[in-house]
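Raw work-v7.csv, CSV, C-alpha atoms and all ligand atoms:
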```
chain,number,residue,atom,x,y,z
A,10,MET,CA,158.9,55.9,-18.7
A,11,ASN,CA,156.1,58.2,-17.2
A,12,HIS,CA,156.5,60.4,-14.2
A,13,LEU,CA,153.7,60.5,-11.6
A,14,THR,CA,154.2,63.7,-9.7
A,15,ASP,CA,150.8,65.1,-8.9
A,16,ILE,CA,147.0,64.5,-9.3
A,17,ASP,CA,146.7,67.6,-11.4
A,18,ALA,CA,149.3,66.4,-13.8
A,19,LEU,CA,147.2,63.3,-14.7
A,20,SER,CA,144.5,63.4,-17.4
A,21,ASP,CA,141.0,62.0,-16.6
A,22,GLU,CA,141.8,59.1,-18.8
A,23,GLN,CA,145.0,58.3,-16.9
A,24,ILE,CA,143.2,58.5,-13.6
A,25,ASN,CA,140.5,56.2,-14.7
A,26,ASN,CA,143.0,53.7,-16.1
A,27,LEU,CA,145.1,53.8,-12.9
A,28,LEU,CA,141.9,53.2,-10.8
A,29,ASP,CA,140.7,50.4,-13.1
A,30,GLU,CA,144.1,48.8,-13.0
A,31,ALA,CA,144.3,49.1,-9.2
A,32,LEU,CA,140.9,47.4,-8.7
A,33,ARG,CA,141.8,44.7,-11.2
A,34,TYR,CA,145.0,44.0,-9.4
A,35,ASP,CA,143.1,43.9,-6.1
A,36,ARG,CA,140.8,41.2,-7.5
A,37,ILE,CA,143.8,39.3,-8.9
A,38,ILE,CA,145.6,39.4,-5.5
A,39,ARG,CA,142.5,38.3,-3.6
A,40,ALA,CA,141.9,35.4,-6.1
A,41,GLY,CA,145.6,34.4,-5.6
A,42,GLN,CA,146.1,34.5,-9.4
A,43,ASP,CA,149.4,34.7,-11.2
A,44,LEU,CA,150.7,38.3,-11.6
A,45,LYS,CA,152.9,37.4,-14.6
A,46,GLY,CA,155.9,39.7,-13.7
A,47,PRO,CA,155.3,42.5,-16.3
A,48,LEU,CA,158.1,44.6,-14.7
A,49,ALA,CA,160.9,42.0,-15.1
A,50,GLY,CA,164.1,43.8,-15.8
A,51,ILE,CA,162.9,47.1,-14.4
A,52,LEU,CA,165.2,48.6,-11.7
A,53,GLN,CA,163.2,50.4,-9.0
A,54,PHE,CA,164.9,52.5,-6.3
A,55,ASN,CA,162.8,53.6,-3.3
A,56,LEU,CA,164.3,56.8,-1.9
A,57,PHE,CA,162.6,58.0,1.3
A,58,TYR,CA,163.8,61.2,3.0
A,59,GLU,CA,160.9,61.1,5.5
A,60,ASN,CA,159.8,58.2,7.6
A,61,SER,CA,157.2,55.8,6.2
A,62,THR,CA,155.7,52.4,7.0
A,63,ARG,CA,152.7,51.8,4.7
A,64,THR,CA,153.9,53.7,1.6
A,65,SER,CA,157.5,52.5,1.5
A,66,LEU,CA,156.5,48.9,2.2
A,67,SER,CA,153.7,48.8,-0.3
A,68,PHE,CA,155.9,50.2,-3.1
A,69,GLU,CA,158.4,47.5,-2.3
A,70,VAL,CA,155.8,44.7,-2.2
A,71,ALA,CA,154.1,46.1,-5.4
A,72,GLY,CA,157.4,46.2,-7.3
A,73,LYS,CA,158.4,42.8,-6.2
A,74,ARG,CA,155.0,41.3,-7.0
A,75,LEU,CA,155.4,42.6,-10.6
A,76,GLY,CA,158.9,41.2,-11.0
A,77,ALA,CA,160.9,44.4,-10.7
A,78,ASP,CA,164.3,44.6,-9.1
A,79,VAL,CA,163.5,46.7,-6.0
A,80,VAL,CA,166.2,48.5,-4.0
A,81,ALA,CA,165.2,50.4,-0.9
A,82,VAL,CA,167.9,53.1,-0.5
A,83,PRO,CA,169.1,53.1,3.1
A,84,VAL,CA,169.0,56.9,3.5
A,85,ALA,CA,170.1,56.9,7.1
A,86,ALA,CA,173.3,55.1,6.2
A,87,SER,CA,173.9,56.8,2.8
A,88,SER,CA,176.0,59.8,1.7
A,89,VAL,CA,172.9,62.0,2.4
A,90,HIS,CA,174.6,62.2,5.9
A,91,LYS,CA,177.8,63.3,4.3
A,92,GLY,CA,176.0,66.3,3.0
A,93,GLU,CA,175.2,65.0,-0.5
A,94,SER,CA,172.3,67.0,-2.1
A,95,LEU,CA,169.1,65.3,-3.1
A,96,ARG,CA,169.9,66.2,-6.7
A,97,ASP,CA,173.2,64.5,-6.6
A,98,THR,CA,171.7,61.4,-4.9
A,99,VAL,CA,168.9,61.3,-7.6
A,100,LEU,CA,171.5,61.5,-10.4
A,101,THR,CA,173.7,58.8,-8.7
A,102,LEU,CA,170.8,56.4,-8.6
A,103,ALA,CA,169.9,57.2,-12.2
A,104,ALA,CA,173.5,56.6,-13.3
A,105,GLN,CA,173.2,53.2,-11.7
A,106,GLY,CA,170.4,52.4,-14.0
A,107,ALA,CA,167.2,53.3,-12.2
A,108,ASP,CA,164.2,53.0,-14.4
A,109,ILE,CA,161.8,54.1,-11.7
A,110,MET,CA,162.6,56.2,-8.6
A,111,VAL,CA,160.0,56.3,-5.9
A,112,LEU,CA,160.7,59.5,-4.0
A,113,ARG,CA,159.5,60.9,-0.7
A,114,ALA,CA,161.0,64.3,0.2
A,115,SER,CA,160.0,67.2,2.4
A,116,GLY,CA,160.8,70.3,0.4
A,117,ALA,CA,158.3,72.1,-1.8
A,118,GLY,CA,159.1,71.5,-5.4
A,119,THR,CA,161.6,68.7,-4.7
A,120,ILE,CA,159.7,66.2,-6.9
A,121,ASP,CA,159.6,68.6,-9.9
A,122,ALA,CA,163.2,69.7,-9.4
A,123,SER,CA,164.3,66.0,-9.5
A,124,LYS,CA,162.4,65.5,-12.7
A,125,VAL,CA,164.1,68.4,-14.3
A,126,ALA,CA,167.6,67.3,-13.0
A,127,LEU,CA,167.1,63.9,-14.6
A,128,LYS,CA,165.9,65.4,-17.9
A,129,GLU,CA,168.8,67.8,-18.0
A,130,ALA,CA,171.3,65.0,-17.4
A,131,GLY,CA,169.7,62.9,-20.1
A,132,PHE,CA,168.2,60.1,-18.0
A,133,GLY,CA,164.8,58.6,-18.8
A,134,THR,CA,164.2,57.6,-15.2
A,135,ALA,CA,160.5,58.0,-14.1
A,136,ILE,CA,159.9,59.8,-10.8
A,137,VAL,CA,157.0,58.6,-8.7
A,138,ASN,CA,155.9,61.0,-5.9
A,139,ALA,CA,155.6,59.0,-2.7
A,140,GLY,CA,154.8,62.1,-0.6
A,141,GLU,CA,156.1,65.6,-0.9
A,142,GLY,CA,156.2,67.7,2.3
A,143,ALA,CA,152.7,69.1,3.0
A,144,PHE,CA,152.0,69.4,-0.7
A,145,GLY,CA,150.9,66.2,-2.3
A,146,HIS,CA,150.6,62.4,-1.9
A,147,PRO,CA,149.0,61.4,-5.2
A,148,THR,CA,149.3,57.6,-4.7
A,149,GLN,CA,147.6,57.9,-1.3
A,150,ALA,CA,144.7,59.7,-3.0
A,151,LEU,CA,144.5,57.0,-5.7
A,152,LEU,CA,144.4,54.2,-3.2
A,153,ASP,CA,141.8,56.0,-1.1
A,154,ALA,CA,139.6,56.5,-4.2
A,155,ALA,CA,140.1,52.8,-5.2
A,156,THR,CA,139.1,51.8,-1.6
A,157,LEU,CA,135.9,53.9,-1.8
A,158,MET,CA,135.0,52.5,-5.2
A,159,SER,CA,135.4,49.0,-3.9
A,160,ALA,CA,133.4,49.7,-0.7
A,161,PHE,CA,130.6,51.5,-2.6
A,162,GLU,CA,130.8,49.1,-5.6
A,163,ARG,CA,131.5,51.9,-8.0
A,164,THR,CA,133.6,51.9,-11.2
A,165,PRO,CA,135.9,54.7,-12.4
A,166,ASP,CA,134.4,54.9,-15.9
A,167,ASP,CA,130.8,54.7,-14.8
A,168,ASP,CA,129.9,56.6,-11.6
A,169,GLY,CA,133.3,57.4,-10.0
A,170,LEU,CA,132.6,59.0,-6.6
A,171,ARG,CA,129.7,61.1,-8.0
A,172,GLY,CA,127.2,62.1,-5.3
A,173,LEU,CA,129.1,60.7,-2.3
A,174,SER,CA,129.6,63.2,0.5
A,175,ILE,CA,133.0,63.0,2.1
A,176,ALA,CA,134.1,64.9,5.2
A,177,ILE,CA,137.8,65.3,5.8
A,178,LEU,CA,138.6,66.3,9.4
A,179,GLY,CA,141.9,67.2,11.0
A,180,ASP,CA,145.2,68.8,10.4
A,181,LEU,CA,144.4,70.1,6.9
A,182,VAL,CA,147.0,72.7,6.7
A,183,HIS,CA,149.9,70.2,7.0
A,184,SER,CA,148.3,67.3,5.2
A,185,ARG,CA,149.6,66.3,1.8
A,186,VAL,CA,147.0,63.5,1.9
A,187,ALA,CA,144.2,66.1,2.1
A,188,ALA,CA,145.7,68.2,-0.7
A,189,SER,CA,145.8,65.2,-3.1
A,190,CYS,CA,142.5,63.7,-1.9
A,191,CYS,CA,140.6,67.0,-2.4
A,192,ALA,CA,142.0,67.3,-5.9
A,193,LEU,CA,141.1,63.7,-6.9
A,194,PHE,CA,137.8,63.2,-5.1
A,195,ALA,CA,136.5,66.5,-6.5
A,196,ARG,CA,137.4,65.4,-10.0
A,197,LEU,CA,135.6,62.1,-9.4
A,198,GLY,CA,132.5,64.0,-8.5
A,199,ALA,CA,132.4,63.8,-4.7
A,200,ASP,CA,130.8,66.5,-2.5
A,201,LEU,CA,133.7,67.5,-0.2
A,202,ARG,CA,133.6,69.1,3.3
A,203,LEU,CA,136.6,70.1,5.3
A,204,CYS,CA,136.7,70.6,9.1
A,205,ALA,CA,139.4,71.6,11.5
A,206,PRO,CA,140.2,74.2,14.2
A,207,GLN,CA,140.7,77.6,12.6
A,208,GLU,CA,144.5,77.4,12.8
A,209,LEU,CA,144.6,74.1,10.9
A,210,LEU,CA,142.2,75.1,8.2
A,211,PRO,CA,143.4,76.2,4.7
A,212,THR,CA,143.3,79.9,4.3
A,213,SER,CA,141.1,79.7,1.1
A,214,LYS,CA,138.6,77.1,0.0
A,215,PRO,CA,140.3,74.5,-2.3
A,216,ASP,CA,138.8,74.0,-5.7
A,217,GLY,CA,136.0,71.6,-5.7
A,218,VAL,CA,135.3,71.8,-2.0
A,219,GLY,CA,131.8,72.6,-1.0
A,220,LEU,CA,132.2,73.5,2.7
A,221,VAL,CA,135.0,74.5,5.0
A,222,THR,CA,133.9,74.7,8.6
A,223,THR,CA,135.1,74.6,12.2
A,224,SER,CA,132.0,72.7,13.2
A,225,ARG,CA,132.5,68.9,13.3
A,226,PHE,CA,128.7,68.4,13.4
A,227,GLU,CA,128.1,70.6,10.3
A,228,ALA,CA,130.8,68.7,8.5
A,229,LEU,CA,129.6,65.2,9.4
A,230,GLU,CA,125.8,65.8,9.0
A,231,GLY,CA,124.5,63.1,6.7
A,232,VAL,CA,127.9,62.2,5.1
A,233,ASP,CA,128.7,58.9,3.4
A,234,VAL,CA,132.3,59.0,4.5
A,235,ALA,CA,134.3,60.5,7.3
A,236,MET,CA,138.1,60.7,6.9
A,237,ALA,CA,140.2,61.7,9.9
A,238,LEU,CA,143.8,63.0,9.4
A,239,ARG,CA,146.8,62.7,11.6
A,240,MET,CA,147.8,65.6,13.8
A,241,GLN,CA,151.2,66.2,12.2
A,242,THR,CA,152.9,67.7,15.2
A,243,GLU,CA,156.3,67.3,13.5
A,244,ARG,CA,155.2,70.0,11.0
A,245,PHE,CA,153.8,72.4,13.6
A,246,GLU,CA,155.3,75.9,13.8
A,247,ALA,CA,156.7,76.6,17.3
A,248,ASP,CA,153.7,78.8,18.3
A,249,LEU,CA,151.0,76.4,17.3
A,250,ALA,CA,149.7,74.9,20.5
A,251,ILE,CA,146.9,72.3,20.2
A,252,ASP,CA,145.8,70.5,23.2
A,253,PRO,CA,145.2,66.8,22.3
A,254,ALA,CA,142.4,66.3,24.8
A,255,GLY,CA,140.6,69.5,23.7
A,256,TYR,CA,141.1,68.5,20.1
A,257,ARG,CA,139.4,65.2,20.6
A,258,GLU,CA,136.5,66.9,22.4
A,259,ASP,CA,135.7,69.2,19.5
A,260,PHE,CA,137.2,67.6,16.4
A,261,GLY,CA,137.9,63.9,17.1
A,262,LEU,CA,136.1,61.2,15.2
A,263,THR,CA,134.3,59.7,18.1
A,264,MET,CA,131.2,57.4,18.1
A,265,ASP,CA,129.1,60.4,19.2
A,266,ALA,CA,130.4,62.6,16.4
A,267,LEU,CA,129.8,59.8,13.9
A,268,SER,CA,126.1,59.6,14.9
A,269,PHE,CA,125.7,62.7,12.8
A,270,ALA,CA,126.8,60.9,9.7
A,271,LYS,CA,124.6,58.4,7.7
A,272,PRO,CA,124.1,55.2,9.8
A,273,THR,CA,126.0,53.4,7.0
A,274,ALA,CA,128.9,55.9,6.8
A,275,PHE,CA,132.4,54.6,6.4
A,276,VAL,CA,135.4,55.8,8.3
A,277,MET,CA,138.9,56.3,6.8
A,278,HIS,CA,142.3,57.4,8.1
A,279,PRO,CA,145.6,57.4,6.0
A,280,GLY,CA,147.7,56.3,9.0
A,281,PRO,CA,149.6,56.4,11.2
A,282,MET,CA,146.8,57.1,13.7
A,283,ASN,CA,146.9,59.0,16.9
A,284,ARG,CA,144.3,57.0,18.7
A,285,GLY,CA,142.3,59.0,21.2
A,286,ILE,CA,143.2,62.3,19.5
A,287,GLU,CA,141.9,62.5,15.9
A,288,ILE,CA,140.1,59.1,16.1
A,289,ASP,CA,138.8,56.9,18.8
A,290,SER,CA,139.7,53.2,18.9
A,291,ASP,CA,136.1,52.0,18.9
A,292,VAL,CA,135.6,53.9,15.6
A,293,ALA,CA,138.9,52.9,14.0
A,294,ASP,CA,138.4,49.2,14.9
A,295,ASP,CA,134.7,48.8,14.1
A,296,PRO,CA,134.8,46.4,11.1
A,297,SER,CA,131.3,47.4,9.9
A,298,ARG,CA,132.4,51.1,9.5
A,299,SER,CA,136.2,51.3,9.3
A,300,LEU,CA,137.9,51.1,5.9
A,301,ILE,CA,141.3,51.7,7.4
A,302,LEU,CA,142.8,48.3,6.9
A,303,GLN,CA,141.2,48.1,3.4
A,304,GLN,CA,143.1,51.4,2.6
A,305,VAL,CA,146.3,49.7,3.7
A,306,ALA,CA,145.5,46.6,1.6
A,307,MET,CA,144.6,48.7,-1.4
A,308,GLY,CA,148.1,50.4,-1.2
A,309,VAL,CA,149.7,47.4,-2.9
A,310,PRO,CA,147.5,47.0,-6.0
A,311,THR,CA,147.3,50.7,-6.4
A,312,ARG,CA,151.1,51.1,-6.4
A,313,MET,CA,151.3,48.1,-8.8
A,314,ALA,CA,149.1,50.1,-11.2
A,315,VAL,CA,151.3,53.2,-10.6
A,316,LEU,CA,154.5,51.3,-11.2
A,317,ARG,CA,153.2,49.9,-14.5
A,318,HIS,CA,152.1,53.4,-15.5
A,319,ALA,CA,155.7,54.6,-14.6
A,320,ALA,CA,157.3,51.8,-16.5
A,321,ASN,CA,154.9,52.3,-19.4
A,322,ARG,CA,154.3,48.5,-19.6
B,1,LIG,N1,151.1,58.5,5.9
B,1,LIG,C1,150.6,59.7,5.4
B,1,LIG,C2,151.7,60.5,4.8
B,1,LIG,O1,152.7,60.1,4.6
B,1,LIG,C3,149.8,60.5,6.4
B,1,LIG,C4,150.5,60.9,7.7
B,1,LIG,O2,151.8,60.7,7.8
B,1,LIG,O3,149.9,61.4,8.5
B,1,LIG,O4,151.4,61.7,4.5
```
Would you kindly transcribe this structure into structure tokens?
Amino acid sequence: MNHLTDIDALSDEQINNLLDEALRYDRIIRAGQDLKGPLAGILQFNLFYENSTRTSLSFEVAGKRLGADVVAVPVAASSVHKGESLRDTVLTLAAQGADIMVLRASGAGTIDASKVALKEAGFGTAIVNAGEGAFGHPTQALLDAATLMSAFERTPDDDGLRGLSIAILGDLVHSRVAASCCALFARLGADLRLCAPQELLPTSKPDGVGLVTTSRFEALEGVDVAMALRMQTERFEADLAIDPAGYREDFGLTMDALSFAKPTAFVMHPGPMNRGIEIDSDVADDPSRSLILQQVAMGVPTRMAVLRHAANR
């Protein structure tokens, strides 16, 4: 079994293999071919301590399509609400035979701590990070990279994302998606720009990022891709007041703002979207520009690749 905890914990070879495999599964699904059930006999628990639609469902669909036995843990109805610690829940699922545990949790270090607890208790269960607080969401970054490679007809081993300029706009400080996308896209050779109001910008420039700016037009000037992030008000500190209308005016992905990007530029958003705040509906729903539903679709084959990596099959 192999853990998948963080982009930085993956080698270049592992990243390329995961992306190759995701794109291969995408083609197989589109062609309606047989998936052959390589995870038959694997027990996969999905344990989500934060809400999720796309991620939890795509891990469930991915596991089922590969023939695993998939159990979505009903956290709201579980002993979590009797005060059981995450560590004890993780060990309980491992004791019931979990081969793979897909885990979403909010605390910093929760994923690593679960990995250590499993090891100390002698379990071989693989942990897959399905989103850790504001810190990382590696499978979202992988599916976004696979979506871009498919859209730009690139391959992981050949040109990756080399030379593509990608602007990420929005609530950067609370976004685990941005953290993982920056780490992965930079490793794949993209030219990255980050844009947000000052209070939502990272305090220092992340590795591999070329530009950090509060100017939407500077960020979008001539880019190949514009990715908007959700305003994560559930993570806002009490004193952080952002007015949605003002935000849209200065930082929203509107058609006007997009006119600064290349005429062929694609638009992305990890979902769920706050329409009319970080992205306008005419942008999000423009089939010639928006990759948003392709991102959702790529969630399944990417998580199939991730589950096979975790199961080492
Ligand atoms: N769905 C993504 C996540 O789980 C993005 C978001 O919630 O804004 O992080």
- line: Among A:Glu141, A:Asp35, A:Asp108, A:Asp21, ligand LIG 1 (chain B) is approached most closely, using all atoms listed in the file, by A:Glu141
message: Residues near range 303-309 of chain A, anyone? I mean within 12 Å using only C-alpha atoms, not counting same-chain ones fewer than 5 positions away, as a PyMOL selection string.
response: chain A and resi 28+30-39+62-75+139+147-160+236+275-281+293-294+296-298+314-316
- request: State, in Å with one decimal place, the distance from CA of Ile109 in chain A to CA of Leu127 in chain A.
  value: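 Separating CA of Ile109 in chain A from CA of Leu127 in chain A is a distance of 11.5 Å.
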Counting all atoms listed in the file, the option among A:Thr242, A:Ser174, A:Ser88, A:Ser123 closest to Val218 in chain A: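 Between A:Thr242, A:Ser174, A:Ser88, A:Ser123, the residue approaching Val218 in chain A most closely is A:Ser174.
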- prompt: Neighbours of Gly76 in chain A within 12 Å (only C-alpha atoms; same-chain residues fewer than 3 positions away dropped), as a ChimeraX atom specification?
  reply: /A:43-53,69-73,79,313,316-317
6 Å contact set for Leu197 in chain A, all atoms listed in the file, chain neighbours under 3 positions out, as a ChimeraX atom specification: /A:169-170,194
Supply range 172-191 of chain A as an mmCIF file, keeping the file's coordinate frame, with N, CA, C and O atoms built in where the input has gaps.
```cif
data_model
loop_
_atom_site.group_PDB
_atom_site.id
_atom_site.type_symbol
_atom_site.label_atom_id
_atom_site.label_comp_id
_atom_site.auth_asym_id
_atom_site.auth_seq_id
_atom_site.Cartn_x
_atom_site.Cartn_y
_atom_site.Cartn_z
ATOM 1 N N GLY A 172 128.274 62.092 -6.271
ATOM 2 C CA GLY A 172 127.200 62.100 -5.300
ATOM 3 C C GLY A 172 127.547 61.684 -3.902
ATOM 4 O O GLY A 172 126.742 61.843 -2.986
ATOM 5 N N LEU A 173 128.741 61.148 -3.694
ATOM 6 C CA LEU A 173 129.100 60.700 -2.300
ATOM 7 C C LEU A 173 129.582 61.967 -1.554
ATOM 8 O O LEU A 173 130.375 62.767 -2.062
ATOM 9 N N SER A 174 129.080 62.121 -0.323
ATOM 10 C CA SER A 174 129.600 63.200 0.500
ATOM 11 C C SER A 174 130.645 62.736 1.433
ATOM 12 O O SER A 174 130.462 61.731 2.129
ATOM 13 N N ILE A 175 131.765 63.435 1.394
ATOM 14 C CA ILE A 175 133.000 63.000 2.100
ATOM 15 C C ILE A 175 133.443 64.155 2.999
ATOM 16 O O ILE A 175 133.732 65.245 2.482
ATOM 17 N N ALA A 176 133.510 63.912 4.318
ATOM 18 C CA ALA A 176 134.100 64.900 5.200
ATOM 19 C C ALA A 176 135.489 64.538 5.572
ATOM 20 O O ALA A 176 135.764 63.396 5.929
ATOM 21 N N ILE A 177 136.409 65.505 5.456
ATOM 22 C CA ILE A 177 137.800 65.300 5.800
ATOM 23 C C ILE A 177 138.081 66.171 7.055
ATOM 24 O O ILE A 177 137.923 67.393 6.978
ATOM 25 N N LEU A 178 138.433 65.525 8.176
ATOM 26 C CA LEU A 178 138.600 66.300 9.400
ATOM 27 C C LEU A 178 140.036 66.170 9.922
ATOM 28 O O LEU A 178 140.594 65.073 9.942
ATOM 29 N N GLY A 179 140.592 67.276 10.356
ATOM 30 C CA GLY A 179 141.900 67.200 11.000
ATOM 31 C C GLY A 179 142.873 68.236 10.577
ATOM 32 O O GLY A 179 142.483 69.344 10.220
ATOM 33 N N ASP A 180 144.141 67.842 10.599
ATOM 34 C CA ASP A 180 145.200 68.800 10.400
ATOM 35 C C ASP A 180 145.368 69.084 8.882
ATOM 36 O O ASP A 180 146.307 68.631 8.234
ATOM 37 N N LEU A 181 144.418 69.857 8.359
ATOM 38 C CA LEU A 181 144.400 70.100 6.900
ATOM 39 C C LEU A 181 145.530 70.869 6.385
ATOM 40 O O LEU A 181 146.010 70.648 5.281
ATOM 41 N N VAL A 182 146.011 71.780 7.197
ATOM 42 C CA VAL A 182 147.000 72.700 6.700
ATOM 43 C C VAL A 182 148.369 72.019 6.474
ATOM 44 O O VAL A 182 149.134 72.414 5.611
ATOM 45 N N HIS A 183 148.637 70.939 7.208
ATOM 46 C CA HIS A 183 149.900 70.200 7.000
ATOM 47 C C HIS A 183 149.773 68.954 6.227
ATOM 48 O O HIS A 183 150.732 68.199 6.111
ATOM 49 N N SER A 184 148.579 68.672 5.728
ATOM 50 C CA SER A 184 148.300 67.300 5.200
ATOM 51 C C SER A 184 148.460 67.266 3.668
ATOM 52 O O SER A 184 147.625 67.777 2.931
ATOM 53 N N ARG A 185 149.500 66.558 3.209
ATOM 54 C CA ARG A 185 149.600 66.300 1.800
ATOM 55 C C ARG A 185 148.524 65.333 1.322
ATOM 56 O O ARG A 185 148.103 65.346 0.168
ATOM 57 N N VAL A 186 148.050 64.478 2.253
ATOM 58 C CA VAL A 186 147.000 63.500 1.900
ATOM 59 C C VAL A 186 145.712 64.344 1.547
ATOM 60 O O VAL A 186 145.058 64.089 0.528
ATOM 61 N N ALA A 187 145.390 65.331 2.399
ATOM 62 C CA ALA A 187 144.200 66.100 2.100
ATOM 63 C C ALA A 187 144.315 66.862 0.811
ATOM 64 O O ALA A 187 143.359 66.905 0.018
ATOM 65 N N ALA A 188 145.497 67.418 0.537
ATOM 66 C CA ALA A 188 145.700 68.200 -0.700
ATOM 67 C C ALA A 188 145.377 67.281 -1.913
ATOM 68 O O ALA A 188 144.610 67.652 -2.813
ATOM 69 N N SER A 189 145.962 66.077 -1.926
ATOM 70 C CA SER A 189 145.800 65.200 -3.100
ATOM 71 C C SER A 189 144.351 64.609 -3.116
ATOM 72 O O SER A 189 143.752 64.455 -4.182
ATOM 73 N N CYS A 190 143.820 64.258 -1.921
ATOM 74 C CA CYS A 190 142.500 63.700 -1.900
ATOM 75 C C CYS A 190 141.439 64.715 -2.374
ATOM 76 O O CYS A 190 140.521 64.376 -3.122
ATOM 77 N N CYS A 191 141.582 65.975 -1.952
ATOM 78 C CA CYS A 191 140.600 67.000 -2.400
ATOM 79 C C CYS A 191 140.667 67.094 -3.934
ATOM 80 O O CYS A 191 139.624 67.095 -4.600
#
```
